[in-house]
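As provided, entry.txt (compact mmCIF, C-alpha atoms) reads as follows.
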```
# COMPACT_ATOMS: atom_id res chain seq x y z
CA MET A 16 37.26 105.22 -16.51
CA LYS A 17 38.64 105.71 -13.00
CA ILE A 18 42.00 104.30 -14.06
CA VAL A 19 42.19 106.74 -16.99
CA LEU A 20 41.27 109.65 -14.72
CA LEU A 21 43.84 108.58 -12.12
CA TYR A 22 46.50 108.31 -14.84
CA CYS A 23 45.61 111.80 -16.09
CA LEU A 24 45.77 113.27 -12.60
CA ILE A 25 49.16 111.70 -11.91
CA ASN A 26 50.55 113.07 -15.15
CA LEU A 27 48.82 116.45 -14.87
CA GLY A 28 51.94 118.06 -13.39
CA VAL A 29 54.07 116.80 -16.28
CA PHE A 30 51.61 118.11 -18.90
CA ALA A 31 51.06 121.44 -17.19
CA ASN A 32 54.78 122.21 -17.22
CA SER A 33 55.04 121.92 -20.99
CA SER A 34 53.86 124.51 -23.49
CA PHE A 35 52.08 121.82 -25.55
CA SER A 36 50.24 118.67 -24.66
CA ASP A 37 48.33 115.71 -26.07
CA SER A 38 45.28 117.10 -24.24
CA PHE A 39 43.62 120.41 -23.59
CA ILE A 40 44.36 121.08 -19.92
CA ILE A 41 42.07 123.71 -18.44
CA THR A 42 42.95 124.92 -14.94
CA ILE A 43 40.35 127.15 -13.33
CA LYS A 44 41.84 129.43 -10.67
CA GLU A 45 40.47 132.36 -8.67
CA GLY A 46 40.17 135.21 -11.19
CA LYS A 47 41.63 133.43 -14.25
CA THR A 48 41.55 130.31 -16.41
CA VAL A 49 44.75 128.79 -17.82
CA VAL A 50 44.68 126.55 -20.91
CA VAL A 51 47.46 124.31 -22.21
CA ALA A 52 46.51 123.49 -25.80
CA GLN A 53 46.43 120.11 -27.50
CA GLU A 54 49.50 120.03 -29.75
CA LYS A 55 47.96 118.37 -32.79
CA LYS A 56 44.59 117.13 -33.94
CA ASN A 57 43.98 113.42 -33.31
CA LYS A 58 40.79 111.34 -33.63
CA PHE A 59 39.59 112.78 -30.33
CA ALA A 60 39.94 116.00 -28.40
CA SER A 61 41.11 115.06 -24.93
CA VAL A 62 40.08 117.61 -22.33
CA ILE A 63 41.20 117.69 -18.68
CA ILE A 64 39.55 120.27 -16.42
CA LYS A 65 40.92 121.09 -12.97
CA ASN A 66 39.02 123.20 -10.44
CA ASP A 67 41.54 125.08 -8.25
CA THR A 68 38.86 127.33 -6.74
CA PHE A 69 36.88 127.01 -3.50
CA GLU A 70 33.47 126.65 -5.14
CA LYS A 71 31.55 123.98 -7.01
CA MET A 72 31.31 124.62 -10.76
CA ILE A 73 28.85 123.53 -13.42
CA CYS A 74 30.85 123.24 -16.64
CA VAL A 75 29.99 122.80 -20.33
CA LEU A 76 31.90 121.73 -23.42
CA SER A 77 30.03 122.86 -26.55
CA ASN A 78 30.49 123.13 -30.29
CA GLU A 79 30.23 126.14 -32.63
CA SER A 80 26.43 125.85 -32.86
CA GLU A 81 26.16 125.95 -29.05
CA LYS A 82 25.19 122.28 -28.78
CA MET A 83 26.28 120.88 -25.41
CA LEU A 84 28.70 118.02 -25.98
CA GLU A 85 29.36 117.47 -22.26
CA SER A 86 27.86 119.00 -19.14
CA PHE A 87 29.19 118.20 -15.66
CA SER A 88 29.76 119.53 -12.15
CA LEU A 89 33.18 119.86 -10.61
CA LYS A 90 33.81 120.08 -6.87
CA PRO A 91 36.55 122.35 -5.46
CA GLY A 92 40.00 120.79 -5.83
CA HIS A 93 38.77 118.06 -8.20
CA SER A 94 39.44 117.25 -11.85
CA SER A 95 37.55 115.63 -14.69
CA SER A 96 38.52 114.40 -18.14
CA PHE A 97 36.70 113.74 -21.42
CA GLN A 98 37.40 112.54 -24.94
CA ILE A 99 35.24 114.03 -27.68
CA SER A 100 35.34 112.96 -31.32
CA TYR A 101 36.39 115.69 -33.74
CA LYS A 102 33.47 114.55 -35.94
CA SER A 103 31.03 116.20 -33.50
CA PHE A 104 32.43 119.73 -33.84
CA LYS A 105 34.47 122.17 -35.93
CA LYS A 106 35.20 124.46 -32.98
CA LEU A 107 35.22 123.46 -29.31
CA PHE A 108 34.33 125.80 -26.44
CA PHE A 109 34.49 125.54 -22.65
CA TYR A 110 32.52 127.65 -20.19
CA THR A 111 30.95 127.50 -16.75
CA LEU A 112 27.25 128.02 -16.04
CA SER A 113 27.85 128.45 -12.32
CA PRO A 114 29.60 130.72 -11.68
CA PRO A 115 28.90 132.22 -15.13
CA SER A 116 31.89 132.78 -17.41
CA GLN A 117 32.66 133.69 -21.00
CA LYS A 118 33.07 131.00 -23.65
CA LEU A 119 36.66 129.90 -23.96
CA PRO A 120 37.64 128.62 -27.43
CA LEU A 121 39.92 125.57 -27.33
CA LYS A 122 42.36 125.89 -30.23
CA VAL A 123 44.65 123.07 -31.35
CA GLY A 124 48.32 123.99 -31.63
CA LYS A 125 48.13 127.25 -29.73
CA LYS A 126 50.61 127.50 -26.88
CA SER A 127 49.36 127.87 -23.35
CA TYR A 128 47.14 130.89 -22.83
CA GLU A 129 45.30 132.58 -19.98
CA ILE A 130 41.87 134.22 -19.81
CA PRO A 131 41.03 136.61 -16.93
```

Can you present the structure in this file as structure tokens?
Amino acid sequence: MKIVLLYCLINLGVFANSSFSDSFIITIKEGKTVVVAQEKKNKFASVIIKNDTFEKMICVLSNESEKMLESFSLKPGHSSSFQISYKSFKKLFFYTLSPPSQKLPLKVGKKSYEIP
């Protein structure tokens, strides 16, 4: 798992500079969240979350019925990655419990987008 995470972190700069990716790349910054969408649907949704703020975050990945698929904490300046089977959801959402934020839909094929 650590090797996969290290690989993702090394390649994060390459993915973030493209308008599409093989993963959802969520970068949380002060005052906004930037998402680079997964280009096409595979067996799994790959999600990389990067905390570029100065505070610890409690994050959630959930499905359309609000079932938590993943719940995790993220220290300032750190990243985390997950693979979730498309069988467990129709729509995927990301949000933070602390600090509280709105649900962010993760849409396959959509170019990079930003949420204030």

Counting only C-alpha atoms, which residue out of A:Lys126, A:Lys105, A:Lys58, A:Lys118 sits closest to A:Asn78?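 Smallest distance to A:Asn78 is found for A:Lys105.
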
Top pick for closest residue to A:Ile73, considering A:Gly46, A:Pro114, A:Pro120, A:Pro131 and counting all atoms listed in the file: A:Pro114

Residues near A:Tyr128, anyone? I mean within 7 Å using only C-alpha atoms, not counting same-chain ones fewer than 2 positions away, as an MDAnalysis selection string. chainID A and resid 49:51 126 130

What does the distance from atom CA of A:Phe109 to atom CA of A:Ser77 come to in Å, to one decimal?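 Atom CA of A:Ser77 lies 6.5 Å from atom CA of A:Phe109.
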
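You will find atom CA of A:Leu84 at 23.1 Å from atom CA of A:Glu70.
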
Find the distance between atom CA of A:Glu129 and atom CA of A:Thr111 and write it in Å to one decimal. 15.6 Å

All file atoms of stretch 99-113 of chain A boxed axis-aligned, 4 Å per side, centre plus edges, as lines of an AutoDock Vina configuration file:
```
center_x = 31.8
center_y = 120.7
center_z = -24.1
size_x = 17.1
size_y = 23.5
size_z = 31.6
```

May I have the residues within 12 Å of A:Ile99 as a list in words, using all atoms listed in the file and disregarding those fewer than 4 positions away in the same chain?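 Here the answer would be Ser38, Phe39, Lys56, Asn57, Lys58, Phe59, Ala60, Ser61, Val62, Ile63, Leu76, Ser77, Asn78, Met83, Leu84, Glu85, Ser103, Phe104, Lys105, Lys106, Leu107 and Phe108 of chain A.
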
Tell me, as a VMD selection string, which residues lie within 6 Å of A:Pro91, counting all atoms listed in the file; anything in the same chain fewer than 4 positions away does not count. chain A and resid 66 68 to 71

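When only C-alpha atoms are used to compute distances to A:Leu119, the closest of the residues A:Ser94, A:Met72, A:Lys65, A:Glu79 turns out to be A:Glu79.
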
Closest of A:Lys55, A:Lys82, A:Lys47, A:Lys122 to A:Asp67, counting all atoms listed in the file, is A:Lys47
